[in-house]
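Structure file coords_1.csv (CSV, C-alpha atoms) is printed below.
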```csv
chain,number,residue,atom,x,y,z
A,1,MET,CA,2.7,32.4,23.9
A,2,VAL,CA,5.7,31.8,26.0
A,3,LEU,CA,7.0,28.3,26.5
A,4,PHE,CA,9.8,27.0,28.7
A,5,VAL,CA,11.0,23.7,27.5
A,6,ASP,CA,14.1,21.7,28.4
A,7,VAL,CA,15.1,20.0,25.1
A,8,GLY,CA,18.2,18.4,26.6
A,9,GLU,CA,21.2,17.6,24.5
A,10,ILE,CA,19.8,18.9,21.2
A,11,GLU,CA,19.8,22.5,22.5
A,12,ASN,CA,23.3,23.4,21.4
A,13,ALA,CA,22.7,21.8,17.9
A,14,PHE,CA,19.4,23.7,17.6
A,15,ARG,CA,21.0,27.0,18.6
A,16,LYS,CA,23.8,26.5,16.1
A,17,VAL,CA,21.6,25.7,13.2
A,18,ALA,CA,19.1,28.5,14.1
A,19,MET,CA,22.0,31.0,14.0
A,20,GLN,CA,23.3,29.6,10.7
A,21,ARG,CA,19.9,29.9,9.2
A,22,TYR,CA,18.6,33.2,10.7
A,23,GLY,CA,21.8,35.0,11.6
A,24,TYR,CA,23.2,35.8,15.0
A,25,SER,CA,20.3,37.9,16.0
A,26,LYS,CA,18.0,37.8,19.1
A,27,GLY,CA,15.1,36.6,17.0
A,28,ALA,CA,16.9,33.6,15.5
A,29,ILE,CA,15.9,31.1,18.2
A,30,ARG,CA,12.3,32.3,18.2
A,31,ASN,CA,12.0,32.1,14.4
A,32,ALA,CA,13.5,28.6,14.4
A,33,VAL,CA,11.2,27.4,17.2
A,34,SER,CA,8.2,28.8,15.5
A,35,GLU,CA,9.2,27.1,12.2
A,36,ALA,CA,9.8,23.8,14.0
A,37,ILE,CA,6.5,23.9,15.8
A,38,TYR,CA,4.7,24.8,12.5
A,39,TYR,CA,6.2,21.9,10.6
A,40,TRP,CA,5.6,19.5,13.5
A,41,LEU,CA,1.9,20.5,13.5
A,42,ARG,CA,1.6,20.1,9.7
A,43,ALA,CA,3.3,16.7,9.9
A,44,ASN,CA,1.3,15.3,12.8
A,45,SER,CA,-2.2,16.8,12.7
A,46,SER,CA,-4.9,15.2,10.7
A,47,SER,CA,-8.6,15.4,10.4
A,48,LYS,CA,-8.8,13.0,7.4
A,49,LEU,CA,-7.0,9.9,8.8
A,50,LYS,CA,-8.4,7.5,11.3
A,51,LYS,CA,-6.4,6.1,14.2
A,52,LEU,CA,-6.6,2.3,14.0
A,53,ASP,CA,-6.5,-0.1,16.9
A,54,ASP,CA,-4.7,-2.6,14.7
A,55,PRO,CA,-2.2,-0.8,12.5
A,56,VAL,CA,-0.2,-3.9,11.7
A,57,GLY,CA,-3.4,-5.6,10.6
A,58,ALA,CA,-4.2,-2.7,8.3
A,59,ILE,CA,-0.9,-3.2,6.5
A,60,ARG,CA,-1.1,-7.0,6.4
A,61,ASP,CA,-2.0,-8.6,3.1
A,62,CYS,CA,-3.2,-5.3,1.5
A,63,LEU,CA,-1.2,-6.3,-1.7
A,64,LYS,CA,-1.7,-10.1,-1.4
A,65,GLY,CA,-2.3,-11.7,-4.7
A,66,LYS,CA,-1.7,-8.5,-6.7
A,67,THR,CA,1.7,-9.5,-7.9
A,68,SER,CA,4.3,-12.3,-7.9
A,69,GLN,CA,7.1,-9.9,-7.3
A,70,THR,CA,9.0,-9.9,-4.0
A,71,SER,CA,9.0,-7.0,-1.6
A,72,VAL,CA,12.5,-6.1,-2.5
A,73,GLU,CA,11.7,-6.2,-6.3
A,74,LEU,CA,8.7,-4.0,-5.6
A,75,GLN,CA,10.7,-1.6,-3.5
A,76,HIS,CA,13.1,-1.0,-6.4
A,77,ALA,CA,10.3,-0.9,-8.9
A,78,ALA,CA,9.1,2.3,-7.1
A,79,ILE,CA,12.1,4.2,-8.4
A,80,GLU,CA,11.2,3.3,-11.9
A,81,LEU,CA,7.6,4.5,-11.3
A,82,PHE,CA,9.0,7.8,-10.2
A,83,ALA,CA,11.4,7.9,-13.2
A,84,GLY,CA,8.6,6.9,-15.6
A,85,ARG,CA,6.4,9.7,-14.5
A,86,THR,CA,9.3,12.2,-14.7
A,87,GLN,CA,10.1,11.1,-18.3
A,88,LYS,CA,6.5,11.5,-19.3
A,89,ARG,CA,6.4,15.0,-17.8
A,90,GLY,CA,9.7,15.8,-19.6
A,91,GLY,CA,8.0,14.9,-22.8
B,92,MET,CA,16.5,3.3,17.4
B,93,LEU,CA,15.7,1.5,14.3
B,94,TRP,CA,15.2,2.5,10.6
B,95,ILE,CA,12.5,0.6,8.8
B,96,ASP,CA,12.9,0.0,5.1
B,97,SER,CA,9.9,-0.2,2.8
B,98,SER,CA,10.6,-3.9,2.1
B,99,VAL,CA,9.4,-4.6,5.7
B,100,PHE,CA,6.0,-3.0,5.0
B,101,LEU,CA,5.8,-4.5,1.6
B,102,GLU,CA,6.6,-8.0,2.8
B,103,SER,CA,3.6,-7.8,5.2
B,104,ALA,CA,1.4,-6.2,2.6
B,105,LEU,CA,2.2,-9.0,0.1
B,106,GLY,CA,1.8,-11.7,2.8
B,107,GLN,CA,5.0,-13.3,1.6
B,108,ALA,CA,7.4,-15.8,3.3
B,109,ARG,CA,8.8,-13.4,5.9
B,110,ALA,CA,5.7,-11.4,6.6
B,111,GLY,CA,5.4,-12.9,10.1
B,112,GLU,CA,8.9,-11.6,11.1
B,113,CYS,CA,8.1,-8.2,9.6
B,114,GLU,CA,4.8,-8.0,11.4
B,115,ALA,CA,6.4,-9.0,14.7
B,116,LEU,CA,8.8,-6.1,14.2
B,117,LEU,CA,5.9,-3.7,13.5
B,118,GLU,CA,4.1,-5.0,16.6
B,119,ARG,CA,7.2,-3.9,18.6
B,120,VAL,CA,6.8,-0.4,17.2
B,121,LYS,CA,3.1,-0.5,18.0
B,122,LYS,CA,4.0,-1.3,21.6
B,123,GLY,CA,6.4,1.7,21.8
B,124,GLU,CA,9.8,0.9,20.3
B,125,LYS,CA,10.9,4.0,18.5
B,126,ALA,CA,11.5,3.6,14.8
B,127,TRP,CA,11.9,5.8,11.8
B,128,THR,CA,11.2,5.6,8.1
B,129,SER,CA,11.1,8.2,5.4
B,130,ASP,CA,8.3,9.9,3.5
B,131,TYR,CA,10.1,8.6,0.4
B,132,ASN,CA,9.4,5.1,1.6
B,133,VAL,CA,5.7,5.9,2.1
B,134,TYR,CA,5.4,7.5,-1.4
B,135,SER,CA,7.1,4.5,-2.9
B,136,ILE,CA,4.7,2.0,-1.3
B,137,VAL,CA,1.7,4.1,-2.3
B,138,LEU,CA,3.0,4.3,-5.9
B,139,VAL,CA,3.6,0.6,-6.0
B,140,MET,CA,0.2,-0.2,-4.5
B,141,LEU,CA,-1.5,2.0,-7.1
B,142,SER,CA,0.5,0.5,-9.9
B,143,LYS,CA,-0.7,-2.9,-8.8
B,144,LYS,CA,-4.3,-1.8,-8.9
B,145,ALA,CA,-4.8,-1.6,-5.2
B,146,THR,CA,-8.0,0.2,-4.4
B,147,VAL,CA,-7.9,3.7,-2.9
B,148,ARG,CA,-9.6,2.3,0.1
B,149,SER,CA,-6.8,-0.2,0.8
B,150,VAL,CA,-4.1,2.4,0.1
B,151,THR,CA,-5.9,4.7,2.6
B,152,ARG,CA,-5.9,1.9,5.1
B,153,PHE,CA,-2.2,1.4,4.6
B,154,ILE,CA,-1.6,5.1,5.3
B,155,GLU,CA,-3.8,4.9,8.3
B,156,GLY,CA,-1.8,1.9,9.5
B,157,ILE,CA,1.4,4.0,9.3
B,158,TYR,CA,-0.3,7.0,10.9
B,159,SER,CA,-1.5,4.8,13.8
B,160,LEU,CA,2.0,3.4,14.6
B,161,ASP,CA,2.6,6.2,17.2
B,162,SER,CA,6.3,5.3,17.8
B,163,LEU,CA,7.1,5.4,14.0
B,164,ILE,CA,8.4,8.7,12.9
B,165,VAL,CA,8.1,9.5,9.2
B,166,TYR,CA,11.2,11.5,8.5
B,167,ARG,CA,11.3,14.0,5.6
B,168,PRO,CA,14.9,13.9,4.2
B,169,SER,CA,16.6,17.3,4.1
B,170,LEU,CA,18.3,18.6,0.9
B,171,GLU,CA,21.6,17.8,2.5
B,172,ASP,CA,20.5,14.2,3.1
B,173,ILE,CA,19.7,13.9,-0.6
B,174,LYS,CA,23.2,15.3,-1.5
B,175,ILE,CA,24.8,12.8,0.9
B,176,ALA,CA,22.7,10.0,-0.6
B,177,LEU,CA,24.0,10.8,-4.1
B,178,ASP,CA,27.6,10.6,-2.7
B,179,ILE,CA,26.8,7.3,-1.0
B,180,ALA,CA,25.2,5.9,-4.1
B,181,VAL,CA,28.4,6.5,-6.0
B,182,ALA,CA,30.8,5.4,-3.2
B,183,LYS,CA,29.0,2.2,-2.2
B,184,HIS,CA,27.4,1.3,-5.6
B,185,LEU,CA,23.9,1.5,-4.2
B,186,ASP,CA,20.6,2.4,-5.8
B,187,PHE,CA,19.5,5.9,-4.8
B,188,ASP,CA,16.6,4.7,-2.7
B,189,ASP,CA,18.9,2.5,-0.6
B,190,SER,CA,21.5,5.3,-0.3
B,191,LEU,CA,18.8,7.7,0.8
B,192,ALA,CA,18.0,5.4,3.7
B,193,VAL,CA,21.7,5.2,4.6
B,194,ALA,CA,22.0,9.0,4.4
B,195,CYS,CA,18.9,9.5,6.6
B,196,MET,CA,20.3,7.0,9.1
B,197,ARG,CA,23.6,8.9,9.3
B,198,SER,CA,21.8,12.2,9.8
B,199,LEU,CA,19.7,10.8,12.6
B,200,GLU,CA,22.6,8.7,14.1
B,201,ILE,CA,20.6,5.5,13.6
B,202,ARG,CA,22.8,2.4,13.2
B,203,LYS,CA,20.4,-0.4,12.7
B,204,ILE,CA,18.0,-1.1,9.8
B,205,ALA,CA,15.2,-3.5,9.4
B,206,THR,CA,15.2,-4.6,5.7
B,207,LEU,CA,15.0,-7.6,3.5
B,208,ASP,CA,17.1,-6.0,0.9
B,209,ALA,CA,20.6,-7.6,0.7
B,210,HIS,CA,22.0,-4.5,-0.9
B,211,PHE,CA,22.3,-3.0,2.6
B,212,LYS,CA,24.9,-5.6,3.5
B,213,LYS,CA,27.5,-3.4,1.7
B,214,ALA,CA,26.2,-0.2,3.2
B,215,GLY,CA,28.0,-0.3,6.5
B,216,VAL,CA,24.8,-0.5,8.6
B,217,GLU,CA,23.7,-3.1,11.2
B,218,LEU,CA,20.9,-5.4,10.1
B,219,GLU,CA,18.0,-6.1,12.4
B,220,LEU,CA,16.6,-9.0,10.3
B,221,PRO,CA,18.9,-11.7,8.9
B,222,ILE,CA,19.2,-11.6,5.1
```
Using the file provided, produce a representation of the structure as structure tokens.
Amino acid sequence: MVLFVDVGEIENAFRKVAMQRYGYSKGAIRNAVSEAIYYWLRANSSSKLKKLDDPVGAIRDCLKGKTSQTSVELQHAAIELFAGRTQKRGG
Amino acid sequence: MLWIDSSVFLESALGQARAGECEALLERVKKGEKAWTSDYNVYSIVLVMLSKKATVRSVTRFIEGIYSLDSLIVYRPSLEDIKIALDIAVAKHLDFDDSLAVACMRSLEIRKIATLDAHFKKAGVELELPI
């Protein structure tokens, strides 16, 4: 597949990083573009998730009444949840 | 462009005092305002929800909510972002989760963050919501 795309101002940064990663060869840009498209596809395609008409409504109140902690307290509790699991795995 | 911290999603999820402001902000994203968050934030919220005995159905619904906000990009921090986050955590006396957000913002050249976390006041970023 041959694509012609004007990526605007990120072109130079893309070329630079592609060369750093794949060397100053003719295939560097092609490899980097293929990798970028692959990761974009993996990150954005889904057959398991539904598109919702009201995404904000889906988030609203889904933890209501589950805790008296604030959002910020819960946010920082997450790091302890990560750490707790790590400690258990570390034995 | 705007960075959205997990406290914004959590405030709405908890239905707490500032949920309305947070939901108004998410509605802006729903209508097309470009915003970013990290996959770390999504993992954090999922972990918190599960630890609070939220059902798999409601966690799935939360993930589908994130997925359905088309203008919200879920950024995967690079290894360099993580290294920079460690440096920021030490320099600014921030928790790692906060410094990771700041590192991602620097990497993406995003200046403004929507958060309810007062720790970001000392992080050298602009605040979208008053704290």
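In chain B, the set of residues within 6 Å of chain A (atoms considered: all atoms listed in the file) is Ser98, Leu101, Glu102, Ser103, Ala104, Leu105, Gly106, Ser135, Val139, Arg152, Phe153, Glu155, Gly156, Ser159 and Asp208 of chain B.
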d(CA of Trp40 (chain A), CA of Tyr166 (chain B)) in Å =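 So the answer is 11.0 Å.
The space separating CA of Ile154 (chain B) from CA of Ile136 (chain B) comes to 9.6 Å.
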Can you work out the spacing between CA of Glu219 (chain B) and CA of Ala205 (chain B) in Å, to one decimal?
->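 We find that CA of Glu219 (chain B) and CA of Ala205 (chain B) lie 4.9 Å from each other.
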Tell me which of B:Val181, B:Cys113, B:Ala192, B:Ala176 sits closest to Asn132 (chain B), counting only C-alpha atoms.
->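 Of the candidates, the smallest distance to Asn132 (chain B) is held by B:Ala192.
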Would you please work out which residue, of B:Val216, B:Ile201, B:Leu117, B:Ile175, is nearest to Asp161 (chain B) when using all atoms listed in the file?
->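 So, comparing all the options, the nearest one is B:Leu117.
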Counting all atoms listed in the file, what is within 12 Å of Arg167 (chain B), bar same-chain residues fewer than 2 positions away, as a list of chain:residue names?
-> A:Tyr39, A:Trp40, A:Ala43, B:Trp127, B:Thr128, B:Ser129, B:Asp130, B:Tyr131, B:Asn132, B:Val133, B:Tyr134, B:Ile164, B:Val165, B:Ser169, B:Leu170, B:Glu171, B:Asp172, B:Ile173, B:Leu191, B:Ala192, B:Ala194, B:Cys195, B:Met196, B:Ser198, B:Leu199
Polymer residues at most 10 Å from Ala32 (chain A), all atoms listed in the file, same-chain spacing of 4 or more positions, as a ChimeraX atom specification | /A:14-15,17-19,21-22,27-28,36-38
